[in-house]
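Enquirer: Can you read through this structure? Questions will come right after.
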Amino acid sequence: MPKNKKQDTSDSDSGPDDRTPVKKTKTDSASTTNADGEAEWTIDRNRKVTVKEFKGKIYVNVREYYEKDGQSLPGKKGISLTVPQWKKLMEHADEINDKIKTF
């Protein structure tokens, strides 16, 4: 048994109530606002979706982030979609989800 594991000496048969609660991650569907004032959705620990304006155009960015000096910074891996591209992708969302279910 690992040293940091606490041995359960309880004879209780109460089940899941004895377990440590699962820690929630920041993968909620609700958006947050990043340091630049942009709407941001966290997909997992190092992937985020943002909506931002760049050179007069609006983009939906799906990108990997990395930590540097305590800051979360966008990495090279990712894609920036224009609004028409994003809408086209969303038109196919149901088809894509149906295909995923076949695996």
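Every chain in the structure tokens takes a letter, A first, then B, and so on in the order presented; its residues are numbered from 1, and the ligands are numbered from 1 following the presented order.
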Neighbours of Gly37 of chain A within 12 Å (only C-alpha atoms; same-chain residues fewer than 6 positions away dropped), as a ChimeraX atom specification?

Expert: /A:31,50-53

Enquirer: Could those residues be written to a file, using C-alpha atoms, as a short mmCIF file (atom, residue, chain, number, x, y, z; two decimals), in the first residue's frame?

Expert:
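File written: result_13.cif
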data_model
loop_
_atom_site.label_atom_id
_atom_site.label_comp_id
_atom_site.auth_asym_id
_atom_site.auth_seq_id
_atom_site.Cartn_x
_atom_site.Cartn_y
_atom_site.Cartn_z
CA SER A 31 -17.63 30.68 -20.33
CA THR A 50 -11.85 31.63 -27.37
CA VAL A 51 -13.70 34.12 -29.53
CA LYS A 52 -11.65 37.16 -30.45
CA GLU A 53 -11.22 39.92 -33.00
#

Enquirer: If I take atom CA of Thr82 of chain A and atom CA of Thr102 of chain A, how far is one from the other in Å, to one decimal?

Expert: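 Here the two named atoms are 29.5 Å from each other.
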
Enquirer: Work out how far apart atom CA of Arg63 of chain A and atom CA of Arg45 of chain A are and give it in Å to one decimal.

Expert: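 Going from atom CA of Arg63 of chain A over to atom CA of Arg45 of chain A covers 11.6 Å.
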
Enquirer: Go through A:Asn97, A:Tyr66, A:Val60, A:Glu40 and flag the residue nearest Pro84 of chain A, using only C-alpha atoms for the distances.

Expert: A:Val60

Enquirer: Could you pull the residues within 6 Å of Lys48 of chain A, counting only C-alpha atoms, minus those fewer than 3 positions along the same chain, as a list in words?

Expert: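 Surrounding residues, per the criterion: Trp41, Thr42, Ile43, Val62 and Arg63 of chain A.
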
Enquirer: Hey, can you check how far atom CA of Glu64 of chain A sits from atom CA of Val49 of chain A?

Expert: 9.0 Å

Enquirer: Return the single residue from A:Ser72, A:Asp44, A:Ala35, A:Leu81 that is closest to Lys57 of chain A, with distances computed using only C-alpha atoms.

Expert: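 Checking each of A:Ser72, A:Asp44, A:Ala35, A:Leu81 against Lys57 of chain A, counting only C-alpha atoms, the winner is A:Leu81.
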
Enquirer: Given the choices A:Trp86, A:Ile100, A:Asn61, A:Phe54, which gets closest to Pro74 of chain A if the distance is worked out from only C-alpha atoms?

Expert: A:Asn61
